[in-house]
Every structure is written in structure tokens, then in C-alpha cells.
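Engineer: I am sharing work_0.tsv, which consists of TSV, C-alpha atoms and all ligand atoms:
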chain	number	residue	atom	x	y	z
A	1	MET	CA	-4.40	-115.54	-132.52
A	2	HIS	CA	-1.22	-113.90	-131.39
A	3	ARG	CA	2.15	-115.31	-132.32
A	4	TYR	CA	3.96	-114.64	-129.05
A	5	LEU	CA	3.09	-114.70	-125.37
A	6	THR	CA	4.33	-111.13	-125.13
A	7	ASP	CA	1.65	-110.09	-127.66
A	8	TYR	CA	-0.95	-111.17	-125.10
A	9	ILE	CA	0.81	-109.21	-122.38
A	10	LEU	CA	0.78	-106.08	-124.56
A	11	ASP	CA	-2.83	-106.50	-125.59
A	12	ILE	CA	-4.28	-107.27	-122.16
A	13	THR	CA	-2.27	-104.59	-120.36
A	14	GLN	CA	-3.54	-102.06	-122.90
A	15	ASN	CA	-7.10	-102.98	-121.87
A	16	SER	CA	-6.16	-101.78	-118.38
A	17	PHE	CA	-4.84	-98.47	-119.75
A	18	GLU	CA	-7.96	-98.08	-121.89
A	19	ALA	CA	-10.18	-98.55	-118.81
A	20	SER	CA	-9.03	-95.14	-117.45
A	21	SER	CA	-6.85	-96.67	-114.77
A	22	THR	CA	-4.52	-94.54	-112.69
A	23	ASN	CA	-2.43	-97.43	-111.41
A	24	VAL	CA	-1.53	-100.50	-113.40
A	25	VAL	CA	0.81	-103.22	-112.22
A	26	LEU	CA	2.24	-105.91	-114.48
A	27	LYS	CA	4.02	-108.89	-113.05
A	28	ILE	CA	5.81	-111.37	-115.31
A	29	ASP	CA	6.86	-114.56	-113.56
A	30	GLU	CA	8.81	-117.27	-115.23
A	31	GLU	CA	9.10	-120.18	-112.89
A	32	ASP	CA	10.33	-123.61	-113.92
A	33	ARG	CA	8.10	-124.68	-116.80
A	34	TYR	CA	5.49	-121.93	-116.40
A	35	PHE	CA	5.33	-118.43	-117.83
A	36	SER	CA	2.74	-116.34	-116.03
A	37	PHE	CA	1.57	-112.78	-116.03
A	38	PHE	CA	-0.62	-110.83	-113.64
A	39	ILE	CA	-2.12	-107.49	-114.57
A	40	SER	CA	-4.02	-105.45	-112.04
A	41	ASP	CA	-5.62	-102.06	-112.54
A	42	ASP	CA	-7.80	-99.61	-110.67
A	43	GLY	CA	-9.82	-98.68	-113.74
A	44	SER	CA	-13.52	-98.79	-114.54
A	45	GLY	CA	-13.96	-102.50	-113.89
A	46	MET	CA	-16.71	-104.59	-115.46
A	47	SER	CA	-20.13	-105.71	-114.35
A	48	GLN	CA	-20.81	-109.44	-114.01
A	49	GLU	CA	-22.83	-109.18	-117.20
A	50	VAL	CA	-19.98	-107.66	-119.22
A	51	LEU	CA	-17.48	-110.00	-117.61
A	52	SER	CA	-19.45	-113.02	-118.76
A	53	LYS	CA	-19.55	-111.65	-122.31
A	54	VAL	CA	-15.96	-110.54	-122.49
A	55	LEU	CA	-14.61	-113.98	-123.20
A	56	ASP	CA	-16.84	-114.17	-126.25
A	57	PRO	CA	-14.91	-113.04	-129.37
A	58	TYR	CA	-17.97	-111.16	-130.55
A	59	TYR	CA	-17.98	-108.73	-127.66
A	60	THR	CA	-16.43	-105.27	-127.47
A	61	ASN	CA	-17.65	-102.18	-125.65
A	62	GLY	CA	-18.97	-100.44	-128.78
A	63	ILE	CA	-16.57	-97.53	-128.35
A	64	LYS	CA	-13.19	-98.89	-129.32
A	65	HIS	CA	-14.11	-100.12	-132.78
A	66	LYS	CA	-16.75	-98.09	-134.52
A	67	SER	CA	-16.75	-100.28	-137.60
A	68	ARG	CA	-17.12	-103.62	-135.90
A	69	LYS	CA	-18.78	-104.87	-132.78
A	70	VAL	CA	-16.08	-107.42	-132.14
A	71	GLY	CA	-13.45	-107.47	-129.45
A	72	LEU	CA	-10.65	-109.96	-129.72
A	73	GLY	CA	-7.99	-109.51	-127.07
A	74	LEU	CA	-9.33	-111.45	-124.09
A	75	SER	CA	-11.02	-114.11	-126.18
A	76	PHE	CA	-7.73	-114.75	-128.06
A	77	LEU	CA	-6.04	-115.23	-124.73
A	78	VAL	CA	-8.67	-117.56	-123.33
A	79	GLN	CA	-8.72	-119.68	-126.48
A	80	THR	CA	-4.94	-120.04	-126.49
A	81	ILE	CA	-4.94	-120.94	-122.79
A	82	LYS	CA	-7.55	-123.65	-123.50
A	83	ASP	CA	-5.59	-125.01	-126.46
A	84	THR	CA	-2.31	-125.25	-124.55
A	85	GLY	CA	-3.27	-126.45	-121.07
A	86	GLY	CA	-2.65	-123.15	-119.31
A	87	THR	CA	-4.71	-121.44	-116.63
A	88	PHE	CA	-6.62	-118.17	-116.69
A	89	ASP	CA	-8.54	-116.11	-114.19
A	90	ILE	CA	-10.16	-112.70	-114.29
A	91	LYS	CA	-11.73	-110.77	-111.45
A	92	SER	CA	-13.38	-107.42	-111.88
A	93	LYS	CA	-15.54	-105.06	-109.91
A	94	ILE	CA	-17.21	-101.98	-111.28
A	95	GLY	CA	-15.54	-98.83	-110.00
A	96	GLU	CA	-12.72	-100.78	-108.38
A	97	GLY	CA	-10.71	-102.43	-111.10
A	98	THR	CA	-9.70	-105.65	-112.73
A	99	VAL	CA	-7.14	-108.38	-112.21
A	100	VAL	CA	-6.19	-110.75	-115.02
A	101	MET	CA	-3.97	-113.75	-114.38
A	102	SER	CA	-2.67	-116.17	-117.00
A	103	SER	CA	-0.21	-118.98	-116.84
A	104	PHE	CA	1.23	-120.84	-119.81
A	105	ASP	CA	2.92	-124.23	-119.80
A	106	LEU	CA	6.16	-123.74	-121.72
A	107	CYS	CA	6.50	-127.50	-122.17
A	108	ASN	CA	3.29	-127.77	-124.16
A	109	ILE	CA	4.31	-127.89	-127.82
A	110	ASP	CA	1.37	-125.66	-128.81
A	111	THR	CA	2.29	-122.83	-126.41
A	112	PRO	CA	3.51	-119.85	-128.46
A	113	PRO	CA	7.10	-118.70	-127.91
A	114	ILE	CA	7.64	-115.94	-125.33
A	115	GLY	CA	8.73	-113.25	-127.83
A	116	ASP	CA	10.47	-109.94	-127.34
A	117	ILE	CA	10.06	-108.78	-123.74
A	118	PRO	CA	12.02	-105.45	-123.98
A	119	THR	CA	10.03	-104.17	-126.98
A	120	THR	CA	6.76	-105.22	-125.35
A	121	LEU	CA	7.63	-103.30	-122.19
A	122	LEU	CA	8.77	-100.34	-124.30
A	123	ALA	CA	5.42	-100.22	-126.12
A	124	LEU	CA	3.56	-100.32	-122.80
A	125	ILE	CA	5.71	-97.80	-120.95
A	126	SER	CA	5.43	-95.34	-123.86
A	127	SER	CA	1.70	-95.92	-124.41
A	128	PRO	CA	-0.11	-92.56	-124.49
A	129	GLN	CA	-2.76	-93.91	-122.13
A	130	ALA	CA	-0.43	-95.19	-119.41
A	131	LYS	CA	-0.30	-93.30	-116.11
A	132	ASN	CA	1.31	-94.90	-113.04
A	133	PHE	CA	2.62	-98.14	-114.37
A	134	SER	CA	5.01	-100.51	-112.72
A	135	ILE	CA	6.51	-103.76	-113.83
A	136	GLU	CA	8.08	-106.63	-111.98
A	137	ARG	CA	9.87	-109.34	-113.94
A	138	ASN	CA	11.04	-112.51	-112.21
A	139	ILE	CA	12.75	-115.62	-113.44
A	140	LYS	CA	13.42	-118.80	-111.48
A	141	THR	CA	14.78	-121.92	-113.10
A	142	LYS	CA	17.06	-124.81	-112.23
A	143	LEU	CA	19.95	-122.45	-112.97
A	144	GLY	CA	18.96	-119.89	-110.36
A	145	ASN	CA	16.76	-116.84	-110.02
A	146	SER	CA	16.83	-113.11	-110.62
A	147	SER	CA	14.49	-110.18	-111.24
A	148	TYR	CA	14.17	-106.52	-112.16
A	149	GLN	CA	11.63	-103.80	-111.47
A	150	LEU	CA	10.60	-100.81	-113.55
A	151	ALA	CA	8.49	-97.76	-112.76
A	152	ARG	CA	7.25	-95.58	-115.60
A	153	SER	CA	7.52	-92.45	-113.46
A	154	GLU	CA	11.22	-93.04	-112.81
A	155	LEU	CA	11.91	-93.54	-116.50
A	156	ILE	CA	10.07	-90.35	-117.42
A	157	ASP	CA	12.03	-88.59	-114.74
A	158	VAL	CA	15.28	-89.57	-116.46
A	159	LEU	CA	14.29	-89.42	-120.13
A	160	GLY	CA	11.69	-86.69	-120.21
A	161	ASP	CA	8.99	-87.37	-122.73
A	162	LEU	CA	8.70	-90.91	-124.03
A	163	ASN	CA	7.56	-90.01	-127.54
A	164	ASN	CA	10.76	-88.81	-129.06
A	165	SER	CA	12.50	-91.54	-131.07
A	166	SER	CA	15.88	-90.96	-129.48
A	167	SER	CA	14.42	-91.17	-125.94
A	168	LEU	CA	12.73	-94.40	-126.95
A	169	PHE	CA	15.97	-95.70	-128.39
A	170	MET	CA	17.69	-95.11	-125.04
A	171	LEU	CA	14.77	-96.65	-123.19
A	172	ARG	CA	15.16	-99.72	-125.38
A	173	GLU	CA	18.87	-99.97	-124.49
A	174	TYR	CA	17.91	-99.82	-120.83
A	175	LEU	CA	15.15	-102.42	-121.11
A	176	ARG	CA	17.37	-104.76	-123.12
A	177	SER	CA	20.11	-104.55	-120.52
A	178	GLN	CA	17.60	-105.43	-117.78
A	179	GLU	CA	16.38	-108.48	-119.67
A	180	ASP	CA	19.92	-109.46	-120.66
A	181	SER	CA	20.79	-109.71	-116.98
A	182	LEU	CA	18.38	-112.68	-116.77
A	183	VAL	CA	19.71	-114.57	-119.77
A	184	GLU	CA	22.00	-116.75	-117.70
A	185	TYR	CA	18.89	-118.31	-116.14
A	186	TYR	CA	17.14	-119.04	-119.44
A	187	VAL	CA	16.68	-122.75	-120.09
A	188	ASP	CA	15.12	-124.80	-122.84
A	189	ARG	CA	12.10	-126.09	-120.92
A	190	LYS	CA	11.36	-128.90	-123.30
A	191	LEU	CA	14.77	-130.39	-122.63
A	192	ILE	CA	14.87	-129.87	-118.89
A	193	TYR	CA	11.40	-130.17	-117.38
B	1	MET	CA	26.43	-105.25	-121.66
B	2	ALA	CA	26.22	-104.94	-117.87
B	3	LYS	CA	22.81	-104.26	-116.35
B	4	MET	CA	22.22	-100.51	-116.60
B	5	THR	CA	21.15	-98.49	-113.59
B	6	LEU	CA	18.95	-95.39	-113.78
B	7	ALA	CA	22.14	-93.36	-113.27
B	8	ASP	CA	23.66	-95.05	-116.35
B	9	LEU	CA	20.52	-94.19	-118.31
B	10	ARG	CA	20.76	-90.57	-117.19
B	11	ALA	CA	24.41	-90.44	-118.29
B	12	LEU	CA	23.48	-91.91	-121.67
B	13	ARG	CA	20.78	-89.29	-122.07
B	14	ASP	CA	23.18	-86.46	-121.20
B	15	ALA	CA	25.73	-87.76	-123.71
B	16	LYS	CA	23.06	-87.97	-126.43
B	17	LYS	CA	21.80	-84.48	-125.70
B	18	VAL	CA	25.13	-82.99	-126.66
B	19	ASP	CA	25.10	-85.14	-129.75
B	20	ILE	CA	21.63	-83.93	-130.75
B	21	LYS	CA	22.61	-80.28	-130.35
B	22	LYS	CA	25.46	-80.75	-132.81
B	23	ARG	CA	23.14	-81.62	-135.64
B	24	ALA	CA	20.08	-79.74	-134.50
B	25	THR	CA	19.74	-77.91	-137.79
B	26	GLU	CA	19.24	-81.05	-139.82
B	27	GLY	CA	16.10	-83.10	-140.13
B	28	LYS	CA	12.58	-81.98	-139.47
B	29	GLU	CA	9.90	-82.32	-136.84
B	30	GLY	CA	7.45	-85.09	-137.54
B	31	ARG	CA	5.37	-87.91	-136.20
B	32	VAL	CA	4.97	-91.61	-136.81
B	33	ILE	CA	1.83	-93.15	-135.29
B	34	ILE	CA	1.65	-96.93	-135.07
B	35	GLY	CA	-1.64	-98.84	-134.81
B	36	MET	CA	-1.23	-100.98	-131.68
B	37	GLY	CA	-4.71	-102.47	-131.31
B	38	THR	CA	-5.27	-106.23	-131.16
B	39	CYS	CA	-5.11	-106.65	-134.96
B	40	GLY	CA	-2.01	-104.49	-135.20
B	41	ILE	CA	-0.28	-106.52	-132.49
B	42	ALA	CA	-1.32	-109.80	-134.11
B	43	SER	CA	0.14	-108.78	-137.44
B	44	GLY	CA	3.47	-107.53	-136.14
B	45	ALA	CA	3.11	-103.90	-134.99
B	46	LYS	CA	5.70	-104.47	-132.26
B	47	VAL	CA	8.33	-105.38	-134.85
B	48	VAL	CA	7.43	-102.19	-136.73
B	49	LEU	CA	7.88	-100.06	-133.59
B	50	ASP	CA	11.20	-101.74	-132.90
B	51	GLU	CA	12.43	-101.25	-136.46
B	52	PHE	CA	11.45	-97.55	-136.53
B	53	LEU	CA	13.67	-96.94	-133.51
B	54	THR	CA	16.52	-98.81	-135.18
B	55	GLN	CA	16.18	-97.08	-138.55
B	56	LEU	CA	15.63	-93.54	-137.22
B	57	ASP	CA	18.73	-93.96	-135.08
B	58	LYS	CA	20.69	-95.41	-138.00
B	59	TYR	CA	19.96	-92.34	-140.12
B	60	GLY	CA	20.61	-89.97	-137.22
B	61	ILE	CA	17.05	-88.67	-137.10
B	62	THR	CA	16.20	-87.49	-133.59
B	63	ASN	CA	13.21	-85.20	-133.94
B	64	ILE	CA	10.52	-87.60	-135.04
B	65	SER	CA	8.09	-88.67	-132.35
B	66	VAL	CA	6.94	-92.27	-132.36
B	67	THR	CA	3.54	-92.81	-130.78
B	68	GLN	CA	0.84	-95.46	-130.70
B	69	THR	CA	-2.86	-95.52	-131.27
B	70	GLY	CA	-5.54	-98.19	-130.86
B	71	CYS	CA	-7.67	-99.76	-133.57
B	72	MET	CA	-7.92	-97.52	-136.67
B	73	GLY	CA	-10.58	-99.72	-138.28
B	74	LEU	CA	-8.11	-101.04	-140.85
B	75	CYS	CA	-7.69	-104.55	-139.47
B	76	SER	CA	-7.23	-106.23	-142.85
B	77	VAL	CA	-4.15	-104.20	-143.76
B	78	GLU	CA	-2.38	-104.12	-140.39
B	79	PRO	CA	0.23	-103.24	-139.35
B	80	THR	CA	-0.72	-99.68	-140.25
B	81	ILE	CA	1.12	-96.47	-139.48
B	82	GLU	CA	0.50	-92.81	-140.15
B	83	VAL	CA	3.41	-90.57	-141.12
B	84	ILE	CA	3.14	-86.83	-140.58
B	85	VAL	CA	6.09	-84.73	-141.73
B	86	PRO	CA	6.38	-81.17	-143.05
B	87	ASP	CA	6.11	-80.64	-146.82
B	88	MET	CA	4.35	-83.96	-147.28
B	89	PRO	CA	0.67	-84.98	-147.09
B	90	ASP	CA	-0.29	-87.03	-144.01
B	91	ILE	CA	-0.19	-90.63	-145.19
B	92	ILE	CA	-1.45	-93.93	-143.79
B	93	TYR	CA	0.65	-96.90	-144.83
B	94	GLY	CA	-0.60	-100.50	-144.49
B	95	ASN	CA	0.91	-103.98	-144.55
B	96	VAL	CA	4.05	-102.47	-143.09
B	97	ASP	CA	6.79	-104.94	-142.27
B	98	LYS	CA	10.41	-104.62	-141.21
B	99	ALA	CA	11.68	-103.94	-144.75
B	100	THR	CA	8.95	-101.36	-145.43
B	101	VAL	CA	10.02	-99.41	-142.35
B	102	GLU	CA	13.46	-98.69	-143.78
B	103	THR	CA	11.90	-97.72	-147.13
B	104	ILE	CA	9.52	-95.30	-145.39
B	105	VAL	CA	12.36	-93.72	-143.39
B	106	LYS	CA	14.60	-93.36	-146.45
B	107	GLU	CA	12.02	-92.33	-149.02
B	108	HIS	CA	9.18	-90.61	-147.17
B	109	ILE	CA	10.83	-89.10	-144.10
B	110	ILE	CA	14.22	-88.25	-145.59
B	111	GLY	CA	13.52	-88.12	-149.33
B	112	ASN	CA	10.02	-86.54	-149.39
B	113	LYS	CA	8.81	-89.31	-151.69
B	114	LEU	CA	5.68	-91.42	-151.22
B	115	VAL	CA	6.01	-95.18	-150.85
B	116	ASN	CA	3.19	-95.84	-153.28
B	117	ASP	CA	2.61	-99.56	-152.93
B	118	HIS	CA	1.77	-99.28	-149.22
B	119	ILE	CA	-0.54	-96.25	-149.22
B	120	ILE	CA	-3.96	-96.94	-147.72
B	121	ASP	CA	-7.02	-94.82	-148.38
B	122	ARG	CA	-8.05	-92.96	-145.27
B	123	PRO	CA	-11.02	-94.74	-143.64
B	124	ALA	CA	-14.39	-93.00	-143.81
B	125	SER	CA	-14.73	-90.56	-140.92
B	126	ASP	CA	-17.54	-92.52	-139.25
B	127	ILE	CA	-15.20	-95.38	-138.46
B	128	MET	CA	-12.25	-93.31	-137.31
B	129	SER	CA	-11.64	-93.28	-133.59
B	130	ASP	CA	-12.22	-89.90	-131.98
B	131	ASP	CA	-8.60	-88.86	-132.01
B	132	GLY	CA	-7.37	-91.36	-134.59
B	133	ASP	CA	-7.11	-88.74	-137.29
B	134	LYS	CA	-5.08	-86.43	-135.01
C	201	LIG	N1	-9.05	-104.16	-117.57
C	201	LIG	C1	-10.30	-103.88	-118.01
C	201	LIG	N2	-11.09	-102.99	-117.33
C	201	LIG	C2	-12.34	-102.70	-117.76
C	201	LIG	N3	-12.92	-103.24	-118.86
C	201	LIG	C3	-12.21	-104.13	-119.57
C	201	LIG	C4	-10.87	-104.51	-119.18
C	201	LIG	N4	-10.43	-105.44	-120.07
C	201	LIG	C5	-11.43	-105.62	-120.96
C	201	LIG	N5	-12.51	-104.84	-120.68
C	201	LIG	C6	-13.79	-104.77	-121.40
C	201	LIG	O1	-13.88	-105.93	-122.22
C	201	LIG	C7	-14.07	-105.57	-123.59
C	201	LIG	C8	-13.42	-106.60	-124.49
C	201	LIG	O2	-12.00	-106.54	-124.38
C	201	LIG	P1	-11.11	-107.14	-125.51
C	201	LIG	O3	-11.48	-108.58	-125.68
C	201	LIG	O4	-9.69	-106.87	-125.21
C	201	LIG	O5	-11.57	-106.35	-126.81
C	201	LIG	P2	-11.38	-104.78	-127.14
C	201	LIG	O6	-10.38	-104.25	-126.14
C	201	LIG	O7	-10.82	-104.78	-128.51
C	201	LIG	O8	-12.74	-104.19	-127.02
C	201	LIG	C9	-13.51	-104.17	-123.70
C	201	LIG	O9	-14.08	-103.45	-124.76
C	201	LIG	C10	-13.85	-103.58	-122.33
C	201	LIG	O10	-15.18	-103.11	-122.30
C	202	MG	MG	-8.40	-105.09	-125.94
Represent the structure of the file as C-alpha cells.
Ligand SMILES: Nc1ncnc2c1ncn2[C@@H]1O[C@H](COP(=O)(O)OP(=O)(O)O)[C@@H](O)[C@H]1O
Ligand SMILES: [Mg+2]

Structural biologist:
Amino acid sequence: MHRYLTDYILDITQNSFEASSTNVVLKIDEEDRYFSFFISDDGSGMSQEVLSKVLDPYYTNGIKHKSRKVGLGLSFLVQTIKDTGGTFDIKSKIGEGTVVMSSFDLCNIDTPPIGDIPTTLLALISSPQAKNFSIERNIKTKLGNSSYQLARSELIDVLGDLNNSSSLFMLREYLRSQEDSLVEYYVDRKLIY
Amino acid sequence: MAKMTLADLRALRDAKKVDIKKRATEGKEGRVIIGMGTCGIASGAKVVLDEFLTQLDKYGITNISVTQTGCMGLCSVEPTIEVIVPDMPDIIYGNVDKATVETIVKEHIIGNKLVNDHIIDRPASDIMSDDGDK
């Protein structure tokens, strides 16, 4: 299992990149006691048959791991959702794409902590398989609401290649400053909701 | 820090560019490749990525590229990374944590010395991903 909710975001969004998508959209919504993410892609999609197997930890497409026939990402997510009273939905159509939606209850004591959002977004934006990738991050709590948006193409436009360690360092500064602008709306859910 | 705009980011980049030119003769071209598959993520690959950026910046190294790859078939020793620098053999390190990252930067990348207790034998070619061995 993953230790942080952001590990799931990284893992599941990578599935979209790996499915030869051109456009991937990630939406992270933190609203009151819920932390949700929506990932949609226009990649290869899955047949009903594959879709029904995907939630089984012993399924992978036979290409990604040559040594084992075991996928883990989606089944980790589904198991954690089950264990913590969250909700999950996946829709996929061959040749059209896939949408994954998950929502975690931050008041459930078994829900993993959120984790490091800027580094997660940095790993995704700089992923060698990403193409058009956009991110929307919203927060809404009793203290107020705010949001920021990111587009990979705009960041490449400013920084050039996203492989060089000093470009990535600057990207991290940028991503941290975006997330820092939401800190005033952070609350300890277990105390408030 | 105030919320940066894209214009702020561009200004930061321009300032750094000048900085990089000043010490362009130092250091060497190289690559660090981090395994970011499910097992890598589960065992802390994100922390490793984060720490590489911190350490490379700390030592003023600007010409190393930091990239990611999927599952390398080494799930039991994740997080794994491959380090490719001139004058050194290409090495895969396993069980890399935050402290190991600084050791690898100081000893392998700067000092041309292997970090022996983290070296992993290269997996047999039949389980390497198509581009996993560069
Ligand atoms: N967004 C997606 N588009 C197309 N296929 C997908 C997507 N997400 C998952 N899959 C399919 O489901 C399989 C299992 O995914 P996952 O549980 O993450 O394991 P892994 O990615 O390690 O194979 C993948 O190998 C792939 O065939
Ligand atoms: Mg996966």
C-alpha cells in the first residue's frame, strides 16, 4: 500500500501517461472533510474485460513488468478506498480514454496523510511520457477557498527542458509557492469536521 | 514567499542562467534515472527525487539531468536509481533513501567513488524494460 494520498495520485496519473494519451487532466479537490482527485485521459482505454480485471492485484498488461504478471497501482487504490470509507469510480472506453475518480474521507483515522503535493506534481510534470498535461488544484474549507492551475506546456515554455536538475529545482520553487498560497485554508479535519 | 507568477519563474530562470554560465567549466554532464513505478513510489522514490534536487543544488551541480523510468524489475530493493556520469561505470543503486542521496552526490557524482553498500547487480536482460537500460 502507499503511504500518502499523493502516492496514489502519482501512480494513477502515470497509468494515463503510459496509455499513450495526448491529453491528461488532473483535478485535485479538497473540500471540507474530503480529498478527491479526478484523472481523465484520451489514451488507449480498456475493454470491459480488462476493466473488470484491473482491480485485481494480479493483473497487469504483460508489457510493463516482464518479470511479473502483477499490476498493483489501481488495486492498491481500491483496497485503500474500501478500508477507509472512500469512494471510487472508473470509466473507460477503448480508443477513447479513461476517467478515474477517487474521494477520501480525511476524518477516517485509517486514511493515509495527503503527503507532498509539490513534489508529486513535479514528478508528473517532468515525466518523460507526459504530453499535454494540465492540473487544477482547489481547496475549500471553513476558512475559505482558493485554487491554482498549471499547464505543462506553459512551464516548458518558461523553463525549457524539464530534465535538467536546475530547471527542476526552479520548477519546485514555483510549485511550492503555488501550494503555499493555499496554506491559510488548511485545517485539521479531525478537529473541525 | 508570495505566490509566483510565470513571469516570476521566467525571471528566476534568467537569473540562474547567468549564474550557470559563471561556473560552466566545472562539473560534468551526467544522468540520474529514478525508478518511479508503483513499487518505487511505495518505497519512497518521490523523497529520493526531491532530495536529488536539493543536494545537486547544494553542491552547485547544474548539468546533471534527473529523469524517471517505470518498473525496472527490482521491486524488492526499491527505491532504485541509475547513475550515469563520465569516467565511471553506469551503476544501479538500490534501497536508496534520503541520506544515501547525499552520499551518492558527494562520493559518486563529485568524487568518482562507488557507494559500495547500495550497488545492485544489473537485472538479467530478459526482465529489463525496453528502454530501461538506456
Ligand atoms: N488510464 C489507463 N488507460 C488504459 N489502460 C489502463 C489505464 N490505467 C490502467 N490501465 C490498464 O490496467 C493495468 C493495471 O494497472 P495498474 O494496476 O496500475 O498496474 P500496472 O500499471 O503496474 O500494470 C495496466 O497495465 C493497463 O493495462
Ligand atoms: Mg500503474

Engineer: Show which residues sit within 9 Å of region 24-39 of chain A, as an MDAnalysis selection string. Count all atoms listed in the file, and ignore same-chain residues fewer than 4 positions away.

Structural biologist: chainID A and resid 5 9 12:13 16:17 43 86 98:107 114 130:142 145 187 189:190 192:193

Engineer: Tell me, in Å to one decimal, how far CA of Gly94 (chain B) is from CA of Ile81 (chain B).

Structural biologist: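 So the two atoms, CA of Gly94 (chain B) and CA of Ile81 (chain B), lie 6.7 Å apart.
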
Engineer: Select, from A:Pro113, A:Ala151, A:Ser21, A:Leu72, the residue with the minimum atom-to-atom distance to chain B, counting all atoms listed in the file.

Structural biologist: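 Looking at the shortest contact to chain B, the residue is A:Leu72.
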
Engineer: Taking all atoms listed in the file and a cut-off of 8 Å, can you tell me which residues surround ligand MG 202 (chain C), written as a compact mmCIF listing (two decimals) with C-alpha atoms, keeping the file's coordinate frame?

Structural biologist:
# COMPACT_ATOMS: atom_id res chain seq x y z
CA ASP A 11 -2.83 -106.50 -125.59
CA ILE A 12 -4.28 -107.27 -122.16
CA GLN A 14 -3.54 -102.06 -122.90
CA ASN A 15 -7.10 -102.98 -121.87
CA GLY A 71 -13.45 -107.47 -129.45
CA LEU A 72 -10.65 -109.96 -129.72
CA GLY A 73 -7.99 -109.51 -127.07
CA LEU A 74 -9.33 -111.45 -124.09
CA GLY B 37 -4.71 -102.47 -131.31
CA THR B 38 -5.27 -106.23 -131.16

Engineer: Could you check how far CA of Val54 (chain A) sits from atom O8 of ligand LIG 201 (chain C), in Å to one decimal?

Structural biologist: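 A separation of 8.4 Å between them.
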
Engineer: Would you write out, as a tab-separated table, a table of all residues in chain B that have an atom no more than 8 Å from an atom of chain A, listing for each the closest atom pair and the distance in Å to one decimal, considering all atoms listed in the file and ordering rows by chain and rising residue number?

Structural biologist:
residue	atom	partner	partner_atom	distance
B:Met1	CA	A:Ser177	CA	6.5
B:Ala2	CA	A:Ser177	CA	6.7
B:Lys3	CA	A:Ser177	CA	5.0
B:Met4	CA	A:Ser177	CA	6.0
B:Leu6	CA	A:Val158	CA	7.4
B:Leu9	CA	A:Tyr174	CA	6.7
B:Arg10	CA	A:Val158	CA	5.6
B:Leu12	CA	A:Met170	CA	7.4
B:Arg13	CA	A:Leu159	CA	6.8
B:Gly37	CA	A:Asp11	CA	7.2
B:Thr38	CA	A:Gly73	CA	5.9
B:Ile41	CA	A:Asp7	CA	6.3
B:Ala42	CA	A:His2	CA	4.9
B:Lys46	CA	A:Thr119	CA	6.8
B:Leu49	CA	A:Ala123	CA	7.9
B:Asp50	CA	A:Thr119	CA	6.5
B:Leu53	CA	A:Phe169	CA	5.7
B:Thr54	CA	A:Phe169	CA	7.5
B:Leu56	CA	A:Ser165	CA	7.2
B:Asp57	CA	A:Ser166	CA	7.0
B:Thr62	CA	A:Ser166	CA	5.4
B:Asn63	CA	A:Asn164	CA	6.5
B:Ile64	CA	A:Ser165	CA	5.9
B:Ser65	CA	A:Asn164	CA	4.2
B:Val66	CA	A:Asn163	CA	5.4
B:Thr67	CA	A:Asn163	CA	5.9
B:Gln68	CA	A:Ser127	CA	6.4
B:Thr69	CA	A:Pro128	CA	7.9
B:Gly70	CA	A:Lys64	CA	7.8
B:Cys71	CA	A:His65	CA	6.5
B:Met72	CA	A:His65	CA	7.8
B:Gly73	CA	A:Ser67	CA	6.2
B:Asp126	CA	A:Lys66	CA	7.3
B:Ile127	CA	A:Lys66	CA	5.0
B:Met128	CA	A:Lys66	CA	7.1
B:Ser129	CA	A:Lys66	CA	7.1

Engineer: So, with only C-alpha atoms and all ligand atoms as the atoms that count, which of B:Val47, B:Val83, B:Met36, B:Ile119 lies closest to ligand LIG 201 (chain C)?

Structural biologist: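 Checking each candidate against ligand LIG 201 (chain C), we get B:Met36 as the closest.
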